[in-house]
Each structure stands twice: as C-alpha cells, then as structure tokens.
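To start, the structure itself, in structure tokens.
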Amino acid sequence: MSDLFANWHLLSFSDDGWGWAMLNGLFSTIKIAVGAYLLGLTLGLFGALGKLHGGVVTRWLLEIYTTLIRAVPELVLILLLYYAGTGAINQLLDLMGYRPIDISGLVAGIAVLGIVQGAYATEVIRGAMRAIPKGQIEAAQAFGMSSSTVLKRITIPAMIPHALPGLANLWLIVMKDTALLAVVGFSELALVTRQAAGLTQAYWVFFLAAGALYLCLTLVSNIGFRSLEKHARRGQPELG
C-alpha cells in the first residue's frame, strides 16, 4: 500500500506522468459507449416494433437475433464480430471488385457493442411498449392518426417512463463493456490502465485510478437518468 502514496506522481500531467493518457482513454471510453448506446437504441426501437407488429418471418428473425446475442458471452461476441465481421466486409468488397478498407477501431467497436446492445434494448423497449394502455393507442387511431404519427406522438412518449430504468442499466453495462475491447487492441481506459500499470509496476495506483474514473462516470450517469425519469414522469403519481 505504501507504493500507492509513493507513486502518485505517475498520474500527473507532466512529461513522465500518465495523466493525459488516462484522460484520453477515458474520452475514448465515453465516445464508444455513447456511439454504441445510440446504435443499440436505434436497433432496439426497430426490433421492438418488428416483434410487436412485424410479420411472422420478421418476428422469427428478431427472436433468433435477441436469443443468440443474450445467450453468448459479450467477450465471445466481440471477438467474433470484430474479426469475422470486418473480414466478411472486406471479402464482400473484394467480390464486388472494390479494394479492402481499413475499418477504424472506433467504428468497429461502436458497431460491435451496438449490435450487442440492440438485442437487450429490443426487449426493454418491447416491454415498455406493452405497458402502454391500449386505450391510448386506440384513441389516437380513432382520431385518424397514421401509424407513424401514433408512434411519434403517443407510443414513444408514453413508453419512455417505463423504459428508462432498463435503458439506464443498459447504459451502465455498455460503459463497462467498453473495457472488453482491450482484447482486440482498442485503446480505451482499460487498455491504457493495463499498459501503464505493466510498464511502471504501479498496479495499485493505476487500477484504483481507473476504478475511480468508472465510478465517477456511473455517479454522473445515475444523476442524469434520475433527472430524465423525473422529467418523463412529470404529472404522474410518485413511485414508492
């Protein structure tokens, strides 16, 4: 434990410190988490609509997607989608007569985690939509609203209070799952921490610092989602 106090200077922002590297890793973590979360929300919204209102084939395909993604560990999915997915894209481009492309690690990381998030978001949003009283939808349809108008003005606003607790959990999960991208060499907070600790042998210093940064992100996120939920539930009875 004495090493922790003796090596605190390694976190400084001087030339021999790792402060800037840790902050850059943190910013990379936030960027990929935000991108993957938004992609997952988009996939989840369309997935939920497909499961609720799609045809038999659509519902069947979405059921396979959500079941497989939720059944396979995230680390296995990341390795599979990152390497096999990027390889398949380049093979397809080669067959079409185009040159292979070098896919950005940031884009690949967002895509991989976004696909994983999409399966969980599909079920969260589907459950939230099913919690909407049918009378609200029927009333909107009785006024002659189109399906897209009902979705925009009734379904999405009404399901948000029901979905927010689950979506908040998904945000915290994707934020921590970014650390798994270290296995494919993506430079985010977990990889930078491991590199710094390995080079300096100051494991206590860097892993405690990384834990504190993740904790700060979690606390700020909790405050943000509580504010969103309070805003979304304005005018409704307080929950116990």
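Residues are referred to by chain and number: the chain letter is A, B, ... according to the order shown in the structure tokens, the number counts from 1 in that chain, and ligands are numbered separately from 1 in the order shown.
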Show me, as JSON, numbers by chain, the residues that have an atom within 7 Å of stretch 62-79 of chain A when counting only C-alpha atoms, minus same-chain residues fewer than 5 positions from it.
{"A": [47, 51, 112, 116, 119, 180]}
Please write the residues from the selection above to a file, keeping N, CA and C atoms, as a JSON list (two decimals), in the first residue's frame.
[["chain", "number", "residue", "atom", "x", "y", "z"],
["A", 47, "GLY", "N", -36.31, -3.16, -33.53],
["A", 47, "GLY", "CA", -36.51, -4.55, -33.14],
["A", 47, "GLY", "C", -37.79, -4.75, -32.35],
["A", 51, "LYS", "N", -40.99, -6.97, -33.48],
["A", 51, "LYS", "CA", -41.53, -8.07, -32.69],
["A", 51, "LYS", "C", -43.01, -7.89, -32.38],
["A", 112, "VAL", "N", -19.80, -3.23, -32.93],
["A", 112, "VAL", "CA", -19.87, -4.49, -32.20],
["A", 112, "VAL", "C", -20.71, -4.35, -30.94],
["A", 116, "VAL", "N", -24.69, -5.74, -29.86],
["A", 116, "VAL", "CA", -24.97, -6.44, -28.60],
["A", 116, "VAL", "C", -26.04, -5.68, -27.82],
["A", 119, "ALA", "N", -29.88, -6.03, -28.94],
["A", 119, "ALA", "CA", -30.69, -7.19, -28.53],
["A", 119, "ALA", "C", -31.35, -6.94, -27.18],
["A", 180, "LEU", "N", -13.93, -4.49, -22.51],
["A", 180, "LEU", "CA", -13.68, -5.76, -23.20],
["A", 180, "LEU", "C", -12.99, -5.54, -24.54]]
Please list as a PyMOL selection string every residue within 8 Å of stretch 25-29 of chain A, counting only C-alpha atoms and excluding residues in the same chain fewer than 5 positions away.
chain A and resi 175+178-179+187-192+213
Please identify all polymer residues within 10 Å of A:Gly166, counting only C-alpha atoms, omitting same-chain residues fewer than 2 positions from it, and present them as a ChimeraX atom specification.
/A:120-121,123-125,127-128,161-164,168-171
Could you please take those selected residues and save C-alpha atoms as a PDB file, in the first residue's frame?
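The resulting file, result12.pdb, is shown below:
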ATOM      1  CA  TYR A 120     -31.149  -6.102 -24.924  1.00  0.00           C
ATOM      2  CA  ALA A 121     -32.700  -2.770 -25.897  1.00  0.00           C
ATOM      3  CA  GLU A 123     -36.610  -6.459 -25.086  1.00  0.00           C
ATOM      4  CA  VAL A 124     -36.563  -3.407 -22.810  1.00  0.00           C
ATOM      5  CA  ILE A 125     -38.415  -1.242 -25.331  1.00  0.00           C
ATOM      6  CA  GLY A 127     -41.778  -4.485 -22.623  1.00  0.00           C
ATOM      7  CA  ALA A 128     -42.223  -0.729 -22.218  1.00  0.00           C
ATOM      8  CA  PRO A 161     -41.120   6.335 -18.378  1.00  0.00           C
ATOM      9  CA  HIS A 162     -41.463   2.538 -18.447  1.00  0.00           C
ATOM     10  CA  ALA A 163     -38.253   2.028 -20.437  1.00  0.00           C
ATOM     11  CA  LEU A 164     -35.904   4.458 -18.667  1.00  0.00           C
ATOM     12  CA  ALA A 168     -30.248   3.273 -17.648  1.00  0.00           C
ATOM     13  CA  ASN A 169     -28.965  -0.193 -16.774  1.00  0.00           C
ATOM     14  CA  LEU A 170     -28.034  -0.786 -20.413  1.00  0.00           C
ATOM     15  CA  TRP A 171     -26.010   2.447 -20.454  1.00  0.00           C
TER      16      TRP A 171
END
Just how far from atom CA of A:Phe225 is atom CA of A:Lys176, in Å to one decimal?
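That distance, rounded to one decimal, is 16.7 Å.
Within the 9 Å cut-off around A:Gly114, using only C-alpha atoms and omitting residues fewer than 4 positions from it on the same chain, the listed residues are Ala33, Gly35, Ala36, Tyr37, Leu38, Leu39, Gly40, Leu41, Leu43, Gly109, Ile110, Gly118, Ala119 and Val174 of chain A.
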Of the candidates A:Gly211, A:Phe206, A:Trp20, A:Leu80, which shows the shortest atom-to-atom distance to A:Ala108, using only C-alpha atoms?
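For A:Ala108, the nearest of the given residues is A:Leu80.
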